[in-house]
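**Q** Sending over start_34.tsv (TSV, C-alpha atoms and all ligand atoms).
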chain	number	residue	atom	x	y	z
A	1	MET	CA	-20.92	-0.29	15.50
A	2	THR	CA	-18.31	-0.91	18.20
A	3	ARG	CA	-14.63	-1.44	17.44
A	4	LYS	CA	-15.06	-5.07	18.39
A	5	GLU	CA	-17.80	-5.53	15.81
A	6	GLN	CA	-15.82	-3.61	13.20
A	7	LEU	CA	-12.85	-5.90	13.67
A	8	ALA	CA	-14.76	-9.14	14.09
A	9	GLY	CA	-13.35	-11.92	11.91
A	10	VAL	CA	-9.87	-10.37	11.65
A	11	ARG	CA	-7.36	-13.18	11.51
A	12	ARG	CA	-4.57	-12.17	9.14
A	13	ILE	CA	-2.92	-8.97	10.29
A	14	LEU	CA	-0.25	-6.91	8.64
A	15	VAL	CA	1.73	-4.94	11.21
A	16	LYS	CA	3.93	-2.12	9.95
A	17	VAL	CA	6.44	-0.67	12.37
A	18	GLY	CA	8.50	2.41	11.68
A	19	SER	CA	12.11	3.38	12.44
A	20	ALA	CA	10.93	6.03	14.91
A	21	VAL	CA	9.42	3.25	17.04
A	22	LEU	CA	12.25	0.73	16.69
A	23	THR	CA	15.32	2.89	17.04
A	24	GLY	CA	16.63	5.20	19.71
A	25	GLU	CA	19.83	7.11	20.40
A	26	ASP	CA	21.73	3.82	20.60
A	27	GLY	CA	20.50	2.29	17.35
A	28	LEU	CA	17.88	-0.45	17.60
A	29	ASN	CA	15.84	-0.26	20.79
A	30	LEU	CA	15.99	-3.85	21.95
A	31	GLN	CA	13.45	-3.39	24.69
A	32	VAL	CA	10.83	-2.04	22.29
A	33	ILE	CA	11.54	-4.87	19.87
A	34	GLU	CA	11.18	-7.51	22.62
A	35	GLN	CA	7.90	-5.91	23.62
A	36	LEU	CA	6.59	-5.84	20.06
A	37	VAL	CA	7.63	-9.43	19.50
A	38	SER	CA	5.81	-10.61	22.66
A	39	ASP	CA	2.73	-8.77	21.46
A	40	VAL	CA	2.92	-10.46	18.05
A	41	ALA	CA	3.48	-13.84	19.73
A	42	ALA	CA	0.36	-13.25	21.85
A	43	LEU	CA	-1.66	-12.63	18.68
A	44	ARG	CA	-0.35	-15.90	17.32
A	45	GLU	CA	-1.51	-17.60	20.53
A	46	ARG	CA	-5.02	-16.37	19.88
A	47	GLY	CA	-5.03	-17.86	16.39
A	48	CYS	CA	-4.01	-14.84	14.29
A	49	GLN	CA	-1.49	-14.82	11.45
A	50	VAL	CA	0.91	-11.89	11.43
A	51	VAL	CA	3.08	-10.45	8.67
A	52	LEU	CA	5.51	-7.74	9.74
A	53	VAL	CA	6.73	-4.84	7.60
A	54	SER	CA	9.66	-3.46	9.53
A	55	SER	CA	11.84	-0.42	8.97
A	56	GLY	CA	14.98	0.23	10.94
A	57	ALA	CA	17.70	-1.08	8.62
A	58	ILE	CA	19.20	2.27	7.66
A	59	ALA	CA	18.96	3.77	11.15
A	60	SER	CA	20.53	0.68	12.68
A	61	GLY	CA	23.34	0.46	10.11
A	62	LYS	CA	24.14	4.13	10.50
A	63	HIS	CA	24.49	3.71	14.21
A	64	ARG	CA	26.64	0.61	13.78
A	65	MET	CA	29.01	2.56	11.54
A	66	GLY	CA	29.21	5.33	14.12
A	67	ILE	CA	27.91	7.93	11.67
A	68	GLU	CA	26.39	10.98	13.28
A	69	GLY	CA	24.09	13.41	11.52
A	70	LYS	CA	22.47	12.72	8.17
A	71	LEU	CA	23.75	10.16	5.69
A	72	LYS	CA	25.04	12.16	2.76
A	73	SER	CA	24.50	10.11	-0.36
A	74	ILE	CA	22.18	7.43	-1.67
A	75	SER	CA	25.04	4.97	-1.65
A	76	GLN	CA	25.69	5.74	2.02
A	77	LYS	CA	22.04	5.01	2.84
A	78	GLN	CA	22.22	1.80	0.82
A	79	ALA	CA	25.43	0.75	2.52
A	80	ALA	CA	23.93	1.53	5.93
A	81	ALA	CA	20.93	-0.64	5.05
A	82	ALA	CA	23.28	-3.49	4.10
A	83	VAL	CA	24.80	-3.36	7.56
A	84	GLY	CA	21.57	-2.69	9.43
A	85	GLN	CA	19.25	-5.19	7.75
A	86	GLY	CA	21.32	-8.15	8.92
A	87	ARG	CA	21.41	-6.83	12.44
A	88	LEU	CA	17.67	-6.13	12.38
A	89	MET	CA	16.94	-9.70	11.36
A	90	ARG	CA	19.26	-11.15	13.98
A	91	VAL	CA	17.51	-9.18	16.69
A	92	TYR	CA	14.08	-10.27	15.46
A	93	SER	CA	15.20	-13.85	15.04
A	94	ASN	CA	16.48	-14.00	18.63
A	95	ALA	CA	13.40	-12.30	20.04
A	96	PHE	CA	10.89	-14.49	18.18
A	97	GLY	CA	12.99	-17.55	18.95
A	98	LYS	CA	12.24	-17.07	22.66
A	99	HIS	CA	8.57	-17.62	21.79
A	100	GLY	CA	9.35	-20.66	19.67
A	101	LEU	CA	8.70	-18.79	16.41
A	102	PHE	CA	10.81	-18.71	13.24
A	103	VAL	CA	11.31	-15.66	11.08
A	104	GLY	CA	11.72	-15.28	7.31
A	105	GLN	CA	13.10	-12.24	5.50
A	106	VAL	CA	11.60	-10.82	2.30
A	107	LEU	CA	13.15	-7.72	0.72
A	108	LEU	CA	11.20	-6.07	-2.09
A	109	THR	CA	11.46	-3.26	-4.59
A	110	MET	CA	8.59	-1.76	-6.52
A	111	SER	CA	9.77	-3.42	-9.74
A	112	ASP	CA	9.39	-6.83	-8.08
A	113	ILE	CA	5.64	-6.35	-7.91
A	114	THR	CA	4.88	-4.34	-11.05
A	115	ASP	CA	5.67	-7.47	-13.05
A	116	ARG	CA	2.57	-9.65	-12.71
A	117	LYS	CA	4.51	-12.92	-12.84
A	118	ARG	CA	6.88	-11.83	-10.09
A	119	PHE	CA	3.94	-10.46	-8.12
A	120	LEU	CA	2.24	-13.85	-8.21
A	121	ASN	CA	5.50	-15.57	-7.34
A	122	ILE	CA	6.01	-13.38	-4.29
A	123	ARG	CA	2.41	-14.01	-3.35
A	124	ASN	CA	2.92	-17.77	-3.45
A	125	THR	CA	6.05	-17.48	-1.32
A	126	LEU	CA	4.30	-15.31	1.26
A	127	PHE	CA	1.36	-17.71	1.43
A	128	THR	CA	3.72	-20.65	1.93
A	129	LEU	CA	5.44	-18.81	4.78
A	130	LEU	CA	2.02	-18.16	6.34
A	131	GLU	CA	1.16	-21.84	5.98
A	132	TRP	CA	4.42	-22.77	7.69
A	133	GLY	CA	3.61	-20.46	10.57
A	134	VAL	CA	6.75	-18.41	9.99
A	135	ILE	CA	6.73	-14.72	10.94
A	136	THR	CA	7.62	-13.00	7.68
A	137	ILE	CA	9.52	-9.75	8.08
A	138	ILE	CA	9.42	-7.51	5.04
A	139	ASN	CA	11.42	-4.41	4.22
A	140	GLU	CA	12.29	-2.47	1.12
A	141	ASN	CA	15.39	-3.86	-0.58
A	142	ASP	CA	17.18	-0.64	0.26
A	143	THR	CA	20.60	-1.71	-0.99
A	144	VAL	CA	19.41	-1.88	-4.59
A	145	ALA	CA	16.35	0.39	-4.65
A	146	VAL	CA	16.88	3.65	-6.50
A	147	ASP	CA	14.20	6.22	-7.29
A	148	GLU	CA	12.76	4.44	-10.33
A	149	ILE	CA	12.02	1.21	-8.49
A	150	LYS	CA	11.45	2.50	-4.98
A	151	PHE	CA	8.38	2.18	-2.83
A	152	GLY	CA	9.77	5.31	-1.20
A	153	ASP	CA	8.61	4.60	2.30
A	154	ASN	CA	7.43	1.59	4.22
A	155	ASP	CA	3.89	2.96	4.60
A	156	HIS	CA	3.54	2.52	0.85
A	157	LEU	CA	5.31	-0.85	0.89
A	158	ALA	CA	2.95	-2.08	3.63
A	159	ALA	CA	-0.10	-0.94	1.63
A	160	MET	CA	1.09	-3.02	-1.32
A	161	VAL	CA	1.90	-6.05	0.82
A	162	ALA	CA	-1.55	-5.88	2.48
A	163	ASN	CA	-3.02	-6.50	-0.95
A	164	ILE	CA	-0.58	-9.30	-1.77
A	165	VAL	CA	-1.25	-11.28	1.42
A	166	GLU	CA	-4.95	-10.35	1.52
A	167	ALA	CA	-4.67	-9.01	5.04
A	168	HIS	CA	-7.85	-8.55	7.07
A	169	LEU	CA	-6.40	-5.60	8.95
A	170	VAL	CA	-3.36	-3.32	8.71
A	171	ILE	CA	-1.92	-1.85	11.90
A	172	ASN	CA	0.61	0.93	11.40
A	173	LEU	CA	2.64	1.33	14.58
A	174	THR	CA	4.00	4.84	14.87
A	175	SER	CA	5.63	7.21	17.31
A	176	THR	CA	2.30	9.03	17.91
A	177	GLU	CA	-1.03	7.96	19.38
A	178	GLY	CA	-2.78	8.10	16.00
A	179	LEU	CA	-4.08	10.79	13.65
A	180	TYR	CA	-4.79	14.17	15.25
A	181	ASP	CA	-7.10	16.85	13.88
A	182	ARG	CA	-4.07	19.15	13.61
A	183	ASN	CA	-0.32	18.79	13.99
A	184	PRO	CA	0.09	17.76	17.66
A	185	THR	CA	3.55	19.30	17.91
A	186	ASP	CA	2.16	22.72	16.94
A	187	THR	CA	-0.61	23.05	19.44
A	188	ARG	CA	-1.95	21.58	22.64
A	189	LYS	CA	-5.45	21.79	21.23
A	190	ALA	CA	-4.90	18.87	18.88
A	191	LYS	CA	-7.41	16.06	19.39
A	192	LEU	CA	-6.98	12.42	18.47
A	193	ILE	CA	-9.43	11.22	15.82
A	194	PRO	CA	-10.61	7.73	16.89
A	195	LEU	CA	-12.56	6.86	13.74
A	196	VAL	CA	-12.33	7.87	10.10
A	197	ALA	CA	-15.29	6.60	8.08
A	198	GLU	CA	-14.14	8.33	4.91
A	199	ILE	CA	-10.88	10.03	3.96
A	200	THR	CA	-12.09	13.54	3.17
A	201	PRO	CA	-9.90	16.52	2.17
A	202	GLU	CA	-10.16	17.69	5.82
A	203	ILE	CA	-8.71	14.41	7.03
A	204	GLU	CA	-5.90	14.73	4.51
A	205	ALA	CA	-5.24	18.27	5.63
A	206	ALA	CA	-4.97	17.10	9.24
A	207	ALA	CA	-2.02	14.88	8.31
A	208	THR	CA	1.27	16.72	8.10
A	209	GLU	CA	4.27	15.80	6.07
A	210	ASP	CA	6.83	16.19	8.85
A	211	ALA	CA	8.54	12.93	9.56
A	212	THR	CA	10.57	12.22	12.66
A	213	PRO	CA	14.35	12.52	12.24
A	214	VAL	CA	14.68	8.77	11.60
A	215	GLY	CA	11.32	7.97	9.94
A	216	MET	CA	10.63	8.48	6.26
A	217	GLY	CA	6.97	9.04	5.80
A	218	GLY	CA	5.33	11.33	8.33
A	219	MET	CA	1.56	11.26	8.88
A	220	LYS	CA	0.76	12.26	5.30
A	221	SER	CA	2.18	9.05	3.87
A	222	LYS	CA	0.27	7.03	6.48
A	223	VAL	CA	-3.04	8.59	5.47
A	224	LEU	CA	-2.16	8.07	1.80
A	225	ALA	CA	-1.48	4.42	2.54
A	226	ALA	CA	-4.74	4.21	4.51
A	227	LYS	CA	-6.57	5.45	1.40
A	228	LYS	CA	-5.18	2.65	-0.71
A	229	VAL	CA	-5.68	-0.05	1.88
A	230	THR	CA	-9.26	0.94	2.68
A	231	ALA	CA	-9.98	1.14	-1.08
A	232	SER	CA	-9.26	-2.57	-1.22
A	233	GLY	CA	-11.72	-3.25	1.59
A	234	ILE	CA	-9.21	-3.61	4.42
A	235	PRO	CA	-9.53	-1.60	7.68
A	236	TYR	CA	-6.44	0.38	8.72
A	237	ILE	CA	-5.33	1.48	12.16
A	238	ILE	CA	-2.64	4.00	13.10
A	239	ALA	CA	-1.58	3.24	16.66
A	240	PRO	CA	1.14	4.00	19.21
A	241	GLY	CA	3.96	1.53	18.62
A	242	ARG	CA	5.77	1.84	21.91
A	243	ARG	CA	2.85	0.91	24.10
A	244	ALA	CA	3.20	-2.59	25.55
A	245	GLY	CA	0.41	-4.90	24.42
A	246	VAL	CA	-0.96	-2.43	21.87
A	247	LEU	CA	-1.75	-5.13	19.30
A	248	GLN	CA	-3.73	-7.17	21.80
A	249	GLU	CA	-5.54	-4.03	22.93
A	250	ILE	CA	-6.62	-3.43	19.35
A	251	LEU	CA	-7.77	-7.00	18.85
A	252	ASP	CA	-9.69	-6.77	22.13
A	253	GLY	CA	-11.68	-3.96	20.55
A	254	LYS	CA	-10.27	-1.10	22.64
A	255	GLU	CA	-10.48	2.39	21.08
A	256	THR	CA	-6.74	2.63	20.51
A	257	GLY	CA	-5.32	4.94	17.83
A	258	THR	CA	-7.25	5.89	14.70
A	259	LEU	CA	-9.33	3.35	12.79
A	260	PHE	CA	-9.98	3.99	9.09
A	261	LEU	CA	-12.97	2.01	7.92
A	262	PRO	CA	-12.79	0.12	4.61
A	263	SER	CA	-14.67	1.78	1.74
A	264	ALA	CA	-18.01	0.23	0.85
A	265	GLU	CA	-17.11	-0.39	-2.78
A	266	HIS	CA	-13.69	-1.82	-3.17
A	267	LEU	CA	-11.24	-3.08	-5.71
A	268	ASN	CA	-10.35	-6.75	-5.94
A	269	SER	CA	-6.70	-7.75	-5.62
A	270	ARG	CA	-5.82	-7.68	-9.32
A	271	LYS	CA	-7.52	-4.35	-9.93
A	272	TYR	CA	-5.77	-2.95	-6.87
A	273	TRP	CA	-2.51	-4.08	-8.45
A	274	ILE	CA	-3.42	-2.30	-11.69
A	275	ALA	CA	-4.51	0.89	-9.90
A	276	PHE	CA	-1.69	1.30	-7.40
A	277	THR	CA	1.28	-0.73	-8.55
A	278	LEU	CA	1.55	-0.07	-12.25
A	279	ARG	CA	2.96	3.16	-13.59
A	280	SER	CA	0.69	4.73	-16.17
A	281	ARG	CA	2.13	5.03	-19.70
A	282	GLY	CA	-0.38	7.51	-21.10
A	283	ARG	CA	-3.83	9.04	-20.85
A	284	LEU	CA	-7.15	8.51	-22.59
A	285	LEU	CA	-9.56	11.41	-22.37
A	286	ILE	CA	-13.11	10.11	-22.33
A	287	ASP	CA	-16.54	11.71	-22.76
A	288	ASP	CA	-19.30	11.88	-20.14
A	289	GLY	CA	-21.22	8.93	-21.55
A	290	ALA	CA	-18.19	6.68	-21.32
A	291	LYS	CA	-17.48	7.92	-17.80
A	292	GLU	CA	-20.95	6.95	-16.70
A	293	ALA	CA	-20.65	3.53	-18.35
A	294	LEU	CA	-17.35	2.90	-16.54
A	295	VAL	CA	-18.11	4.34	-13.13
A	296	ARG	CA	-21.82	3.69	-12.69
A	297	ASP	CA	-22.40	0.60	-14.79
A	298	GLY	CA	-19.03	-1.14	-14.50
A	299	LYS	CA	-18.71	-1.45	-18.30
A	300	SER	CA	-15.68	-1.63	-20.59
A	301	LEU	CA	-14.22	1.38	-22.38
A	302	LEU	CA	-15.18	1.42	-26.08
A	303	PRO	CA	-13.47	3.42	-28.84
A	304	SER	CA	-16.59	5.60	-29.23
A	305	GLY	CA	-16.06	7.14	-25.76
A	306	VAL	CA	-12.44	8.19	-26.29
A	307	THR	CA	-11.91	11.84	-27.28
A	308	GLN	CA	-8.14	12.18	-27.09
A	309	VAL	CA	-5.06	9.99	-26.70
A	310	GLU	CA	-1.94	11.22	-24.92
A	311	GLY	CA	1.37	9.40	-24.80
A	312	ASP	CA	3.00	6.60	-26.63
A	313	PHE	CA	1.98	3.20	-25.32
A	314	VAL	CA	1.52	-0.30	-26.64
A	315	LEU	CA	-0.97	-3.14	-26.20
A	316	GLY	CA	-1.13	-4.29	-22.57
A	317	ASP	CA	0.25	-1.06	-21.11
A	318	PRO	CA	-1.42	0.59	-18.13
A	319	VAL	CA	-3.13	3.83	-19.12
A	320	THR	CA	-5.12	6.40	-17.09
A	321	CYS	CA	-8.66	7.37	-18.08
A	322	VAL	CA	-9.40	11.04	-17.56
A	323	ASP	CA	-12.88	12.64	-17.61
A	324	SER	CA	-13.84	15.88	-19.35
A	325	ALA	CA	-13.10	17.84	-16.17
A	326	GLY	CA	-9.52	16.53	-16.17
A	327	ASN	CA	-9.92	14.10	-13.24
A	328	ALA	CA	-8.25	10.71	-13.35
A	329	ILE	CA	-11.07	8.23	-12.81
A	330	ALA	CA	-9.64	4.84	-13.75
A	331	LYS	CA	-6.56	2.95	-14.83
A	332	GLY	CA	-6.59	-0.05	-17.13
A	333	LEU	CA	-4.61	-2.24	-19.50
A	334	VAL	CA	-5.22	-1.28	-23.12
A	335	ASN	CA	-6.14	-3.69	-25.89
A	336	SER	CA	-4.49	-1.49	-28.52
A	337	GLY	CA	-1.50	0.80	-28.81
A	338	ALA	CA	-1.76	4.61	-28.80
A	339	ASP	CA	-1.51	4.96	-32.60
A	340	GLU	CA	-4.27	2.44	-33.17
A	341	ILE	CA	-6.59	4.10	-30.65
A	342	ARG	CA	-5.95	7.48	-32.30
A	343	LYS	CA	-7.33	5.98	-35.54
A	344	ILE	CA	-10.46	4.45	-34.01
A	345	MET	CA	-11.35	6.91	-31.23
A	346	GLY	CA	-14.87	8.29	-31.45
A	347	LEU	CA	-15.95	5.45	-33.77
A	348	LYS	CA	-18.69	2.88	-33.22
A	349	THR	CA	-17.35	-0.65	-32.73
A	350	ALA	CA	-18.79	-1.74	-36.10
A	351	LYS	CA	-16.51	0.74	-37.87
A	352	ILE	CA	-13.22	-0.50	-36.38
A	353	GLU	CA	-12.55	-3.16	-38.98
A	354	GLN	CA	-13.36	-0.77	-41.80
A	355	VAL	CA	-10.77	1.71	-40.57
A	356	LEU	CA	-8.02	-0.64	-39.43
A	357	GLY	CA	-8.61	-3.48	-41.88
A	358	TYR	CA	-8.86	-5.90	-38.94
A	359	LYS	CA	-10.43	-6.02	-35.49
A	360	ASP	CA	-8.84	-7.87	-32.58
A	361	TYR	CA	-11.01	-6.43	-29.80
A	362	ASP	CA	-14.28	-4.51	-29.41
A	363	GLU	CA	-13.05	-2.65	-26.33
A	364	VAL	CA	-10.17	-0.25	-25.82
A	365	ILE	CA	-9.97	-1.48	-22.21
A	366	HIS	CA	-11.95	-4.51	-21.08
A	367	ARG	CA	-13.72	-4.06	-17.76
A	368	ASP	CA	-11.81	-7.01	-16.25
A	369	ASN	CA	-8.62	-5.01	-16.80
A	370	LEU	CA	-10.05	-1.69	-15.65
A	371	ALA	CA	-9.74	-0.36	-12.10
A	372	VAL	CA	-12.16	2.48	-11.48
A	373	THR	CA	-10.76	4.66	-8.70
A	374	VAL	CA	-13.73	6.92	-8.03
A	375	GLN	CA	-17.07	6.04	-6.42
A	376	PRO	CA	-20.22	6.44	-8.54
A	377	ALA	CA	-20.99	9.71	-6.72
A	378	GLY	CA	-17.65	11.04	-7.91
A	379	LYS	CA	-15.90	10.66	-4.58
A	380	PRO	CA	-12.39	9.26	-4.87
A	381	LYS	CA	-11.96	5.65	-3.81
A	382	ALA	CA	-8.33	6.42	-3.26
B	401	LIG	N1	13.45	0.78	4.52
B	401	LIG	C1	13.96	1.76	5.43
B	401	LIG	C2	14.76	1.09	6.54
B	401	LIG	O1	14.56	-0.04	6.84
B	401	LIG	C3	12.88	2.57	6.09
B	401	LIG	C4	11.85	3.19	5.23
B	401	LIG	C5	10.75	3.85	6.05
B	401	LIG	O2	10.92	4.01	7.26
B	401	LIG	O3	9.72	4.20	5.50
B	401	LIG	O4	15.59	1.71	7.14
Starting from the file, lay out its structure as structure tokens.

**A**
Amino acid sequence: MTRKEQLAGVRRILVKVGSAVLTGEDGLNLQVIEQLVSDVAALRERGCQVVLVSSGAIASGKHRMGIEGKLKSISQKQAAAAVGQGRLMRVYSNAFGKHGLFVGQVLLTMSDITDRKRFLNIRNTLFTLLEWGVITIINENDTVAVDEIKFGDNDHLAAMVANIVEAHLVINLTSTEGLYDRNPTDTRKAKLIPLVAEITPEIEAAATEDATPVGMGGMKSKVLAAKKVTASGIPYIIAPGRRAGVLQEILDGKETGTLFLPSAEHLNSRKYWIAFTLRSRGRLLIDDGAKEALVRDGKSLLPSGVTQVEGDFVLGDPVTCVDSAGNAIAKGLVNSGADEIRKIMGLKTAKIEQVLGYKDYDEVIHRDNLAVTVQPAGKPKA
């Protein structure tokens, strides 16, 4: 299949652009931003919707404050973001304004989307902005985000937003041409990989952790994000962000950057939210029969298949299911707390009432609340 065929029908695009693309020695690189904005405006002209996840707040704020070298503390980074985010938005607002487009700012932390109600609220807001034709510019809410509630880097943030807005394609604009088969700074032999049909351990090994001095993620976090995005059925492209017209090139079907194809079996939006947004509160070890029922047959998890309960969780909490070999294979929301499951594990459903004196549910995790993260053949979905 050609690139053009692979990307046919793409209309809603999430573009992520990193600090290494947007900033230079003198803070924000206005020329690069103007160029990117024209490219986005051209996509709009051809009927596409674009949501932008943009970094650059901290780097820009740091420059504004005349700070050289690394920012020393978390509060310094947060303060720099407070200064830089406003500037970033002003620059975008001016640049998009020249094309007759309005911008809207959305700042998120991880805790904003782990709560299902807030997740749905954000979703409604983002869809309204799309309806209005506004270019939404999203960043992490760096001034308040501390470790516990952090996305960590914008590659991860963009992967989560792709699910929220149901993007048809994610384009990650970086300071390199795409993913190379080995670290391109180490050797001249490195070759660009144009197409990744499946994220194998070799592909993961090709991605190094080194980030640029201003970027956060490095290639590793981009491939990790690609795994999540493709697991939800969305294609993902890593492409050179400083090339003029790169977005149009991609939409024209040119072999630019690295395209990661969506996985054949993918998670729907809510299950994606369960799998990748929620922090697991415990583990349920399950036997081989239960594993097969979950992975191959798409069934619910019953008490009879549980062999061990780890952790202290309550009804509704997200819990990881682990197979007998110790691999995490699914995450789901439990119908009972840890203590209750300890009492009924290994038992047939008919016995539950006898043991507990009541029975609220047949399943430990209902299949509607269960996100299986491996393929039937045992290959990881993400
Ligand atoms: N949110 C950070 C900023 O705007 C960047 C994070 C990242 O580059 O991954 O400065």

**Q** Which residues of chain A sit at most 7 Å from ligand LIG 401 (chain B), using all atoms listed in the file? Give each one's shortest atom pair and distance in Å (one decimal place), in chain and ascending residue order, as a tab-separated table.

**A**
residue	atom	partner	partner_atom	distance
A:Gly18	CA	B:LIG401	O2	5.3
A:Ser19	CA	B:LIG401	O2	5.4
A:Ser54	CA	B:LIG401	O1	6.6
A:Ser55	CA	B:LIG401	O1	3.5
A:Gly56	CA	B:LIG401	O4	4.1
A:Ala57	CA	B:LIG401	O1	3.8
A:Ile58	CA	B:LIG401	O4	3.7
A:Ala59	CA	B:LIG401	O4	5.6
A:Ala81	CA	B:LIG401	O4	6.2
A:Asn139	CA	B:LIG401	N1	5.6
A:Glu140	CA	B:LIG401	N1	4.8
A:Asp142	CA	B:LIG401	N1	5.8
A:Gly152	CA	B:LIG401	O3	6.8
A:Asp153	CA	B:LIG401	O3	3.4
A:Asn154	CA	B:LIG401	O3	3.7
A:Asp155	CA	B:LIG401	O3	6.0
A:Gly215	CA	B:LIG401	O2	4.8
A:Met216	CA	B:LIG401	O3	4.4
A:Gly217	CA	B:LIG401	O3	5.6

**Q** Keeping only C-alpha atoms, write the selected residues as a CSV table (one decimal), keeping the file's coordinate frame.

**A**
chain,number,residue,atom,x,y,z
A,18,GLY,CA,8.5,2.4,11.7
A,19,SER,CA,12.1,3.4,12.4
A,54,SER,CA,9.7,-3.5,9.5
A,55,SER,CA,11.8,-0.4,9.0
A,56,GLY,CA,15.0,0.2,10.9
A,57,ALA,CA,17.7,-1.1,8.6
A,58,ILE,CA,19.2,2.3,7.7
A,59,ALA,CA,19.0,3.8,11.2
A,81,ALA,CA,20.9,-0.6,5.0
A,139,ASN,CA,11.4,-4.4,4.2
A,140,GLU,CA,12.3,-2.5,1.1
A,142,ASP,CA,17.2,-0.6,0.3
A,152,GLY,CA,9.8,5.3,-1.2
A,153,ASP,CA,8.6,4.6,2.3
A,154,ASN,CA,7.4,1.6,4.2
A,155,ASP,CA,3.9,3.0,4.6
A,215,GLY,CA,11.3,8.0,9.9
A,216,MET,CA,10.6,8.5,6.3
A,217,GLY,CA,7.0,9.0,5.8

**Q** What separation in Å, quoted to one decimal, exists between atom CA of A:Gln35 and atom CA of A:Ala244?

**A** 6.1 Å

**Q** List the neighbours of A:Val91 out to 10 Å using only C-alpha atoms; skip same-chain residues closer than 6 positions along the sequence, and give me the result as a PyMOL selection string.

**A** chain A and resi 28-30+33-34+85+97

**Q** For stretch 291-295 of chain A, list every protein, DNA or RNA residue within 12 Å, evaluated using all atoms listed in the file, and leave out those in the same chain fewer than 6 positions away; present the list as a PyMOL selection string.

**A** chain A and resi 265+284-285+301-302+304-307+321-332+365-381

**Q** Counting all atoms listed in the file, which residue out of A:Ile164, A:Ala159, A:Ile135, A:Met89 sits closest to A:Lys16?

**A**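 Among the listed residues, A:Ala159 lies closest to A:Lys16.
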
**Q** At a cut-off of 7 Å from (-5.4, 2.5, 18.4) in the coordinates of the file, what residues are picked up using all atoms listed in the file, written as JSON, numbers by chain?

**A** {"A": [178, 237, 238, 239, 240, 250, 255, 256, 257, 258, 259]}

**Q** Do you have the atom CA of A:Ser221-atom CA of A:Leu22 distance handy?

**A**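 Distance reported for this atom pair: 18.3 Å.
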
**Q** Of the residues A:Pro201, A:Pro318, A:Pro194, A:Gly100, which is the one nearest to A:Leu261, using all atoms listed in the file?

**A**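 So, comparing all the options, the nearest one is A:Pro194.
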
**Q** Take atom CA of A:Ile13 and atom CA of A:Lys220 and report the distance between them in Å, one decimal.

**A** 22.1 Å

**Q** Kindly indicate which residue among A:Glu166, A:Asp26, A:Glu45, A:Asp147 lies nearest to A:Asn268, using only C-alpha atoms for the distances.

**A**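 Among A:Glu166, A:Asp26, A:Glu45, A:Asp147, it is A:Glu166 that comes nearest to A:Asn268.
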
**Q** Find the residue from A:Ala82, A:Cys48, A:Leu347, A:Ala190 that sits nearest to A:Arg64; use all atoms listed in the file when measuring.

**A** A:Ala82

**Q** If you count only C-alpha atoms, which residues fall within 9 Å of A:Gln6, apart from same-chain ones fewer than 5 positions away, as a PyMOL selection string?

**A** chain A and resi 1+235+253+261

**Q** I'd like to know which of A:Leu130, A:Asp360, A:Ile138, A:Gln76 is closest to A:Arg44, using all atoms listed in the file.

**A**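 Between A:Leu130, A:Asp360, A:Ile138, A:Gln76, the residue approaching A:Arg44 most closely is A:Leu130.
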
**Q** Need to verify the contact set: A:Ala167, 9 Å, all atoms listed in the file, exclusion of same-chain residues closer than 6 positions in sequence. Can you return it as a list in words?

**A**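 Within the cut-off, the hits are Val10, Arg11, Arg12, Ile13, Leu14, Val50, Val51, Val161 and Ile234 of chain A.
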
**Q** Please define a box with edges along x, y and z of the file around all atoms of stretch 344-361 of chain A given in the file, extend it by 8 Å on each side, and return its centre and edge lengths in Å to one decimal, as JSON.

**A**
{"center_x": -13.4, "center_y": 0.2, "center_z": -35.8, "size_x": 26.8, "size_y": 32.2, "size_z": 28.1}

**Q** When you count only C-alpha atoms, which of these residues is closest to A:Gly47: A:Gly133, A:Glu204, A:Lys189, A:Thr176?

**A**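 Smallest distance to A:Gly47 is found for A:Gly133.
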
**Q** Quick one: residues within 9 Å of A:Trp273, all atoms listed in the file, excluding same-chain residues fewer than 6 positions away - as a VMD selection string?

**A** chain A and resid 113 to 114 116 160 163 to 164 371
